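Colleague: Structure file final_14.cif (mmCIF, C-alpha atoms; chains and numbers go by the auth columns) right here:
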data_work
loop_
_atom_site.group_PDB
_atom_site.id
_atom_site.type_symbol
_atom_site.label_atom_id
_atom_site.label_comp_id
_atom_site.label_asym_id
_atom_site.label_seq_id
_atom_site.Cartn_x
_atom_site.Cartn_y
_atom_site.Cartn_z
_atom_site.B_iso_or_equiv
_atom_site.auth_seq_id
_atom_site.auth_asym_id
ATOM 1 C CA MET A 1 121.555 61.021 -88.667 0.00 737 A
ATOM 2 C CA LEU A 2 124.375 59.651 -90.794 0.00 738 A
ATOM 3 C CA ILE A 3 127.745 60.596 -89.292 0.00 739 A
ATOM 4 C CA ILE A 4 131.073 60.019 -91.031 0.00 740 A
ATOM 5 C CA THR A 5 134.132 60.264 -88.804 0.00 741 A
ATOM 6 C CA ILE A 6 137.335 61.206 -90.596 0.00 742 A
ATOM 7 C CA LYS A 7 140.629 59.591 -89.591 0.00 743 A
ATOM 8 C CA GLN A 8 142.924 61.677 -87.420 0.00 744 A
ATOM 9 C CA GLY A 9 145.075 63.898 -89.625 0.00 745 A
ATOM 10 C CA LYS A 10 142.893 63.362 -92.694 0.00 746 A
ATOM 11 C CA GLU A 11 140.604 66.266 -91.770 0.00 747 A
ATOM 12 C CA LYS A 12 143.258 68.791 -92.799 0.00 748 A
ATOM 13 C CA SER A 13 142.202 68.727 -96.450 0.00 749 A
ATOM 14 C CA LEU A 14 138.609 69.524 -95.468 0.00 750 A
ATOM 15 C CA LEU A 15 139.749 72.333 -93.204 0.00 751 A
ATOM 16 C CA ASP A 16 141.647 73.666 -96.219 0.00 752 A
ATOM 17 C CA GLY A 17 138.462 73.604 -98.311 0.00 753 A
ATOM 18 C CA ALA A 18 138.691 70.255 -100.107 0.00 754 A
ATOM 19 C CA LEU A 19 135.297 69.044 -101.355 0.00 755 A
ATOM 20 C CA HIS A 20 135.916 65.292 -101.647 0.00 756 A
ATOM 21 C CA VAL A 21 136.340 62.660 -98.939 0.00 757 A
ATOM 22 C CA TYR A 22 137.934 59.448 -100.168 0.00 758 A
ATOM 23 C CA ALA A 23 137.148 56.043 -98.698 0.00 759 A
ATOM 24 C CA SER A 24 140.692 55.786 -97.341 0.00 760 A
ATOM 25 C CA ALA A 25 140.079 58.857 -95.132 0.00 761 A
ATOM 26 C CA VAL A 26 136.996 57.427 -93.411 0.00 762 A
ATOM 27 C CA GLU A 27 137.441 56.034 -89.898 0.00 763 A
ATOM 28 C CA ARG A 28 133.859 54.901 -89.394 0.00 764 A
ATOM 29 C CA ILE A 29 130.270 55.521 -90.454 0.00 765 A
ATOM 30 C CA ASP A 30 127.524 55.704 -87.834 0.00 766 A
ATOM 31 C CA GLY A 31 123.802 55.676 -88.443 0.00 767 A
ATOM 32 C CA LYS A 32 120.865 53.364 -88.890 0.00 768 A
ATOM 33 C CA PRO A 33 121.596 50.317 -91.065 0.00 769 A
ATOM 34 C CA GLY A 34 119.494 51.677 -93.917 0.00 770 A
ATOM 35 C CA GLU A 35 121.219 55.072 -93.769 0.00 771 A
ATOM 36 C CA ARG A 36 124.671 53.526 -94.066 0.00 772 A
ATOM 37 C CA LEU A 37 123.658 52.077 -97.438 0.00 773 A
ATOM 38 C CA GLN A 38 121.523 54.972 -98.701 0.00 774 A
ATOM 39 C CA SER A 39 123.066 56.433 -101.817 0.00 775 A
ATOM 40 C CA GLY A 40 122.938 60.224 -101.786 0.00 776 A
ATOM 41 C CA ALA A 41 121.991 60.583 -98.124 0.00 777 A
ATOM 42 C CA THR A 42 123.185 63.726 -96.380 0.00 778 A
ATOM 43 C CA ALA A 43 125.960 62.958 -93.915 0.00 779 A
ATOM 44 C CA LEU A 44 127.558 65.023 -91.200 0.00 780 A
ATOM 45 C CA LEU A 45 131.358 64.905 -91.439 0.00 781 A
ATOM 46 C CA GLN A 46 133.258 65.139 -88.191 0.00 782 A
ATOM 47 C CA SER A 47 136.869 64.889 -87.063 0.00 783 A
ATOM 48 C CA SER A 48 138.128 62.016 -84.932 0.00 784 A
ATOM 49 C CA SER A 49 137.622 64.314 -81.917 0.00 785 A
ATOM 50 C CA GLY A 50 133.974 64.932 -82.846 0.00 786 A
ATOM 51 C CA LYS A 51 134.410 68.426 -84.321 0.00 787 A
ATOM 52 C CA PHE A 52 131.991 69.396 -87.107 0.00 788 A
ATOM 53 C CA LEU A 53 133.675 69.613 -90.488 0.00 789 A
ATOM 54 C CA ALA A 54 130.939 69.727 -93.139 0.00 790 A
ATOM 55 C CA ARG A 55 127.727 68.275 -94.511 0.00 791 A
ATOM 56 C CA ALA A 56 128.089 66.114 -97.577 0.00 792 A
ATOM 57 C CA GLY A 57 126.337 63.808 -100.016 0.00 793 A
ATOM 58 C CA PHE A 58 127.171 60.183 -99.188 0.00 794 A
ATOM 59 C CA SER A 59 128.107 57.640 -101.826 0.00 795 A
ATOM 60 C CA PRO A 60 128.589 54.171 -100.309 0.00 796 A
ATOM 61 C CA ALA A 61 129.701 52.597 -103.614 0.00 797 A
ATOM 62 C CA SER A 62 132.234 55.228 -104.683 0.00 798 A
ATOM 63 C CA GLN A 63 135.891 55.708 -103.838 0.00 799 A
ATOM 64 C CA ILE A 64 134.855 59.337 -103.293 0.00 800 A
ATOM 65 C CA ARG A 65 132.772 58.428 -100.272 0.00 801 A
ATOM 66 C CA ALA A 66 131.369 61.929 -99.688 0.00 802 A
ATOM 67 C CA ARG A 67 131.124 65.219 -101.595 0.00 803 A
ATOM 68 C CA VAL A 68 130.771 68.373 -99.535 0.00 804 A
ATOM 69 C CA TRP A 69 127.573 70.383 -99.726 0.00 805 A
ATOM 70 C CA SER A 70 128.392 72.977 -97.091 0.00 806 A
ATOM 71 C CA PHE A 71 130.969 73.861 -94.435 0.00 807 A
ATOM 72 C CA ASP A 72 128.384 75.915 -92.516 0.00 808 A
ATOM 73 C CA PRO A 73 127.172 74.009 -89.414 0.00 809 A
ATOM 74 C CA ASN A 74 123.927 75.987 -89.460 0.00 810 A
ATOM 75 C CA GLU A 75 123.045 75.321 -93.103 0.00 811 A
ATOM 76 C CA ALA A 76 120.470 72.576 -93.637 0.00 812 A
ATOM 77 C CA ILE A 77 120.615 70.507 -96.824 0.00 813 A
ATOM 78 C CA ASP A 78 116.993 70.666 -97.944 0.00 814 A
ATOM 79 C CA HIS A 79 114.798 71.812 -100.833 0.00 815 A
ATOM 80 C CA ALA A 80 115.468 75.476 -100.026 0.00 816 A
ATOM 81 C CA PHE A 81 119.225 74.841 -100.115 0.00 817 A
ATOM 82 C CA ILE A 82 118.993 73.195 -103.552 0.00 818 A
ATOM 83 C CA LYS A 83 116.860 76.043 -104.892 0.00 819 A
ATOM 84 C CA ARG A 84 119.357 78.639 -103.643 0.00 820 A
ATOM 85 C CA ARG A 85 122.282 76.862 -105.256 0.00 821 A
ATOM 86 C CA VAL A 86 120.522 76.436 -108.605 0.00 822 A
ATOM 87 C CA LYS A 87 119.310 80.036 -108.605 0.00 823 A
ATOM 88 C CA ALA A 88 122.809 81.323 -107.839 0.00 824 A
ATOM 89 C CA ALA A 89 124.334 79.214 -110.620 0.00 825 A
ATOM 90 C CA VAL A 90 121.835 80.489 -113.191 0.00 826 A
ATOM 91 C CA ALA A 91 122.365 84.082 -112.094 0.00 827 A
ATOM 92 C CA ARG A 92 126.154 83.668 -112.222 0.00 828 A
ATOM 93 C CA ARG A 93 126.126 82.335 -115.788 0.00 829 A
ATOM 94 C CA THR A 94 123.425 84.567 -117.264 0.00 830 A
ATOM 95 C CA GLY A 95 123.614 87.826 -115.324 0.00 831 A
ATOM 96 C CA THR A 96 119.843 87.789 -114.938 0.00 832 A
ATOM 97 C CA GLY A 97 119.641 87.510 -111.184 0.00 833 A
ATOM 98 C CA GLY A 98 117.828 84.243 -111.784 0.00 834 A
ATOM 99 C CA SER A 99 114.622 85.830 -113.089 0.00 835 A
ATOM 100 C CA PRO A 100 112.377 83.200 -114.721 0.00 836 A
ATOM 101 C CA GLY A 101 112.202 83.336 -118.479 0.00 837 A
ATOM 102 C CA LYS A 102 114.962 85.927 -118.933 0.00 838 A
ATOM 103 C CA ALA A 103 118.063 83.730 -118.950 0.00 839 A
ATOM 104 C CA GLY A 104 120.069 83.803 -122.148 0.00 840 A
ATOM 105 C CA LYS A 105 118.703 86.949 -123.786 0.00 841 A
ATOM 106 C CA GLY A 106 121.322 88.831 -125.744 0.00 842 A
ATOM 107 C CA ARG A 107 123.629 85.834 -126.272 0.00 843 A
ATOM 108 C CA ASP A 108 124.227 83.502 -129.215 0.00 844 A
ATOM 109 C CA SER A 109 121.286 81.131 -128.932 0.00 845 A
ATOM 110 C CA LYS A 110 123.059 78.505 -131.059 0.00 846 A
ATOM 111 C CA ALA A 111 125.937 78.042 -128.617 0.00 847 A
ATOM 112 C CA PRO A 112 125.249 75.915 -125.518 0.00 848 A
ATOM 113 C CA LEU A 113 125.828 77.585 -122.167 0.00 849 A
ATOM 114 C CA ARG A 114 127.315 75.627 -119.268 0.00 850 A
ATOM 115 C CA LEU A 115 124.713 76.619 -116.718 0.00 851 A
ATOM 116 C CA VAL A 116 125.844 74.488 -113.769 0.00 852 A
ATOM 117 C CA ALA A 117 129.441 73.345 -113.328 0.00 853 A
ATOM 118 C CA GLY A 118 129.399 70.928 -110.405 0.00 854 A
ATOM 119 C CA GLU A 119 131.618 71.825 -107.464 0.00 855 A
ATOM 120 C CA GLU A 120 132.166 75.322 -108.837 0.00 856 A
ATOM 121 C CA ASP A 121 128.492 76.024 -108.155 0.00 857 A
ATOM 122 C CA GLY A 122 128.215 74.072 -104.918 0.00 858 A
ATOM 123 C CA LEU A 123 126.355 71.239 -106.652 0.00 859 A
ATOM 124 C CA PRO A 124 129.018 68.514 -106.821 0.00 860 A
ATOM 125 C CA GLY A 125 128.539 66.079 -109.666 0.00 861 A
ATOM 126 C CA LEU A 126 125.929 68.131 -111.545 0.00 862 A
ATOM 127 C CA LEU A 127 126.585 69.425 -115.060 0.00 863 A
ATOM 128 C CA VAL A 128 123.898 71.331 -116.949 0.00 864 A
ATOM 129 C CA ASP A 129 124.190 72.671 -120.486 0.00 865 A
ATOM 130 C CA TRP A 130 121.526 75.018 -121.775 0.00 866 A
ATOM 131 C CA HIS A 131 120.705 75.071 -125.471 0.00 867 A
ATOM 132 C CA ALA A 132 118.603 78.215 -125.673 0.00 868 A
ATOM 133 C CA ALA A 133 117.631 78.040 -129.360 0.00 869 A
ATOM 134 C CA ALA A 134 113.849 77.591 -129.530 0.00 870 A
ATOM 135 C CA PRO A 135 112.238 75.579 -128.099 0.00 871 A
ATOM 136 C CA GLY A 136 115.210 75.328 -125.719 0.00 872 A
ATOM 137 C CA TYR A 137 116.665 72.351 -123.853 0.00 873 A
ATOM 138 C CA LEU A 138 118.473 71.796 -120.583 0.00 874 A
ATOM 139 C CA ILE A 139 120.754 68.771 -120.805 0.00 875 A
ATOM 140 C CA CYS A 140 121.784 67.469 -117.391 0.00 876 A
ATOM 141 C CA GLN A 141 124.350 64.979 -116.164 0.00 877 A
ATOM 142 C CA PHE A 142 123.929 63.677 -112.616 0.00 878 A
ATOM 143 C CA LEU A 143 127.385 62.240 -111.930 0.00 879 A
ATOM 144 C CA ALA A 144 127.296 61.858 -108.148 0.00 880 A
ATOM 145 C CA ALA A 145 124.957 60.184 -105.683 0.00 881 A
ATOM 146 C CA GLY A 146 124.190 63.397 -103.804 0.00 882 A
ATOM 147 C CA VAL A 147 122.793 65.366 -106.737 0.00 883 A
ATOM 148 C CA ASP A 148 121.086 62.236 -108.080 0.00 884 A
ATOM 149 C CA ALA A 149 119.122 61.997 -104.828 0.00 885 A
ATOM 150 C CA TRP A 150 117.970 65.618 -105.291 0.00 886 A
ATOM 151 C CA LYS A 151 117.140 65.220 -108.990 0.00 887 A
ATOM 152 C CA ILE A 152 113.471 66.283 -108.811 0.00 888 A
ATOM 153 C CA PRO A 153 113.983 69.587 -106.919 0.00 889 A
ATOM 154 C CA ILE A 154 117.027 70.333 -109.094 0.00 890 A
ATOM 155 C CA VAL A 155 114.991 69.906 -112.273 0.00 891 A
ATOM 156 C CA GLN A 156 112.095 71.949 -110.871 0.00 892 A
ATOM 157 C CA SER A 157 114.465 74.756 -109.894 0.00 893 A
ATOM 158 C CA LEU A 158 116.220 74.745 -113.268 0.00 894 A
ATOM 159 C CA MET A 159 112.890 75.053 -115.068 0.00 895 A
ATOM 160 C CA LYS A 160 111.772 77.876 -112.815 0.00 896 A
ATOM 161 C CA GLU A 161 114.998 79.873 -113.099 0.00 897 A
ATOM 162 C CA THR A 162 115.398 79.533 -116.877 0.00 898 A
ATOM 163 C CA GLY A 163 111.802 79.271 -118.097 0.00 899 A
ATOM 164 C CA CYS A 164 112.909 76.229 -120.121 0.00 900 A
ATOM 165 C CA ALA A 165 110.297 73.457 -120.268 0.00 901 A
ATOM 166 C CA ASN A 166 112.474 70.707 -121.773 0.00 902 A
ATOM 167 C CA VAL A 167 114.919 68.918 -119.490 0.00 903 A
ATOM 168 C CA TYR A 168 116.867 65.846 -120.561 0.00 904 A
ATOM 169 C CA GLU A 169 119.158 63.582 -118.554 0.00 905 A
ATOM 170 C CA LEU A 170 122.237 62.448 -120.452 0.00 906 A
ATOM 171 C CA SER A 171 123.988 59.588 -118.702 0.00 907 A
ATOM 172 C CA ASP A 172 127.723 59.125 -118.418 0.00 908 A
ATOM 173 C CA PRO A 173 127.781 55.341 -117.853 0.00 909 A
ATOM 174 C CA LEU A 174 131.353 55.163 -116.536 0.00 910 A
ATOM 175 C CA MET A 175 130.912 57.952 -113.987 0.00 911 A
ATOM 176 C CA ARG A 176 127.535 56.705 -112.799 0.00 912 A
ATOM 177 C CA ARG A 177 128.769 53.127 -112.525 0.00 913 A
ATOM 178 C CA GLY A 178 131.555 54.360 -110.259 0.00 914 A
ATOM 179 C CA GLU A 179 128.895 55.920 -108.019 0.00 915 A
ATOM 180 C CA GLY A 180 126.791 52.757 -107.973 0.00 916 A
ATOM 181 C CA LEU A 181 124.080 54.528 -109.981 0.00 917 A
ATOM 182 C CA PRO A 182 122.108 53.031 -112.881 0.00 918 A
ATOM 183 C CA ASP A 183 122.856 54.051 -116.464 0.00 919 A
ATOM 184 C CA VAL A 184 119.778 56.087 -117.404 0.00 920 A
ATOM 185 C CA SER A 185 119.056 58.688 -120.053 0.00 921 A
ATOM 186 C CA GLY A 186 115.801 60.285 -121.084 0.00 922 A
ATOM 187 C CA ALA A 187 113.471 63.243 -120.826 0.00 923 A
ATOM 188 C CA LEU A 188 112.889 64.449 -117.261 0.00 924 A
ATOM 189 C CA ALA A 189 110.413 67.125 -118.367 0.00 925 A
ATOM 190 C CA GLY A 190 108.945 68.142 -121.703 0.00 926 A
ATOM 191 C CA ASP A 191 110.410 66.780 -124.923 0.00 927 A
ATOM 192 C CA ALA A 192 113.695 65.039 -125.720 0.00 928 A
ATOM 193 C CA PRO A 193 116.181 67.110 -127.755 0.00 929 A
ATOM 194 C CA PRO A 194 117.268 66.183 -131.284 0.00 930 A
ATOM 195 C CA ASP A 195 120.173 63.751 -131.461 0.00 931 A
ATOM 196 C CA GLY A 196 122.580 66.498 -132.525 0.00 932 A
ATOM 197 C CA LEU A 197 122.444 68.049 -129.048 0.00 933 A
ATOM 198 C CA LEU A 198 123.231 64.840 -127.200 0.00 934 A
ATOM 199 C CA VAL A 199 126.995 65.193 -127.108 0.00 935 A
ATOM 200 C CA HIS A 200 129.021 64.445 -123.954 0.00 936 A
#
Let's see the structure in the file written out as structure tokens.
Modeller:
Amino acid sequence: MLIITIKQGKEKSLLDGALHVYASAVERIDGKPGERLQSGATALLQSSSGKFLARAGFSPASQIRARVWSFDPNEAIDHAFIKRRVKAAVARRTGTGGSPGKAGKGRDSKAPLRLVAGEEDGLPGLLVDWHAAAPGYLICQFLAAGVDAWKIPIVQSLMKETGCANVYELSDPLMRRGEGLPDVSGALAGDAPPDGLLVH
């Protein structure tokens, strides 16, 4: 297990609900050699006295060394967790309760809907805009190592909860470079959207 120990006194921001851990707040990182370099790995955050603080997505190349997934010591970060977070985000933005195929009915189909808004939805670094006009497109930005590591289950969950078959990744080169992630854009499922939709 990857364990990040926070410097004494620096845990206060986490105890107050902060979602980012900066490199300057890290005392040490324990784990297998491969884990300590694994971008997006789930890390346990603990205080200098060994008290559990949170579970977070680890980014070894970023100044934001970890982004919090959960403050609940009993909550595992797994496929079920990702599905719950995506479903809740879709339900929050559409009022559909996350029912497949129903999202977006009764709204202006020409206006994009911000479906997932990163930390606000417990998915730090993930932005998803939904263009519901037929045939419909989900345009995603994976701006942090944690969500990038969970890209496949995130995309699968988005498709299930919206009924949208076209998912496109739009890269933000500067943000991804800061996370040590490659600059990639392209269709993740279905067809690529027309150029007019590809606006940062």
Colleague: Using only C-alpha atoms, which residue out of A:Leu773, A:Ala901, A:Cys876, A:Val891 lies closest to Val920 of chain A?
Modeller: A:Cys876
Colleague: Evaluate the PyMOL selection byres ((chain A and resi 903-917) around 6) on the structure here and hand back the selected residues as JSON, numbers by chain.
Modeller: {"A": [797, 798, 873, 874, 875, 876, 877, 879, 902, 918, 919, 920, 921, 922, 923, 924, 925]}
Colleague: When the PyMOL selection byres ((chain A and resi 781-795) around 8) is applied to the file above, which residues end up in the set, as a compact mmCIF listing (two decimals) with C-alpha atoms, in the coordinates of the input?
Modeller:
# COMPACT_ATOMS: atom_id res chain seq x y z
CA ILE A 739 127.74 60.60 -89.29
CA ILE A 740 131.07 60.02 -91.03
CA THR A 741 134.13 60.26 -88.80
CA ILE A 742 137.34 61.21 -90.60
CA LYS A 743 140.63 59.59 -89.59
CA GLN A 744 142.92 61.68 -87.42
CA GLU A 747 140.60 66.27 -91.77
CA LEU A 750 138.61 69.52 -95.47
CA LEU A 751 139.75 72.33 -93.20
CA GLU A 763 137.44 56.03 -89.90
CA GLN A 774 121.52 54.97 -98.70
CA SER A 775 123.07 56.43 -101.82
CA GLY A 776 122.94 60.22 -101.79
CA ALA A 777 121.99 60.58 -98.12
CA THR A 778 123.18 63.73 -96.38
CA ALA A 779 125.96 62.96 -93.92
CA LEU A 780 127.56 65.02 -91.20
CA PRO A 796 128.59 54.17 -100.31
CA ALA A 797 129.70 52.60 -103.61
CA SER A 798 132.23 55.23 -104.68
CA ILE A 800 134.85 59.34 -103.29
CA ARG A 801 132.77 58.43 -100.27
CA ALA A 802 131.37 61.93 -99.69
CA ARG A 803 131.12 65.22 -101.60
CA VAL A 804 130.77 68.37 -99.54
CA TRP A 805 127.57 70.38 -99.73
CA SER A 806 128.39 72.98 -97.09
CA PHE A 807 130.97 73.86 -94.44
CA ASP A 808 128.38 75.92 -92.52
CA PRO A 809 127.17 74.01 -89.41
CA ILE A 813 120.62 70.51 -96.82
CA ALA A 880 127.30 61.86 -108.15
CA ALA A 881 124.96 60.18 -105.68
CA GLY A 882 124.19 63.40 -103.80
CA VAL A 883 122.79 65.37 -106.74
CA GLU A 915 128.90 55.92 -108.02
CA GLY A 916 126.79 52.76 -107.97
Colleague: What residues come out when you apply the PyMOL selection byres ((chain A and resi 867) around 9) to this file, written as a PyMOL selection string?
Modeller: chain A and resi 845-849+865-866+868-875+933
Colleague: Restricting the calculation to all atoms listed in the file, which member of A:Leu863, A:Val826, A:Asp857, A:Asn810 is positioned closest to Met895 of chain A?
Modeller: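 Using all atoms listed in the file, the shortest distance to Met895 of chain A belongs to A:Val826.
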Colleague: Taking (121.0, 57.3, -92.3) in the file's coordinates, which residues come within 6 Å, counting only C-alpha atoms, written as a list in words?
Modeller: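 Every residue inside that radius is included here: Met737, Leu738, Gly767, Lys768, Glu771 and Arg772 of chain A.
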Colleague: Could you state the separation of atom CA of Glu855 of chain A and atom CA of Asp927 of chain A in Å, given to one decimal place?
Modeller: 27.9 Å
Colleague: In Å, how far is it from atom CA of His756 of chain A to atom CA of Gly861 of chain A?
Modeller: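 Between atom CA of His756 of chain A and atom CA of Gly861 of chain A the gap works out to 10.9 Å.
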Colleague: Rounded to one decimal in Å, what is the spacing between atom CA of Thr830 of chain A and atom CA of Leu934 of chain A?
Modeller: 22.1 Å
Colleague: So, counting all atoms listed in the file, which residue among A:Gly932, A:Leu894, A:Leu755, A:Ile888 is closest to Gly858 of chain A?
Modeller: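 Closest to Gly858 of chain A of all the choices is A:Leu755.
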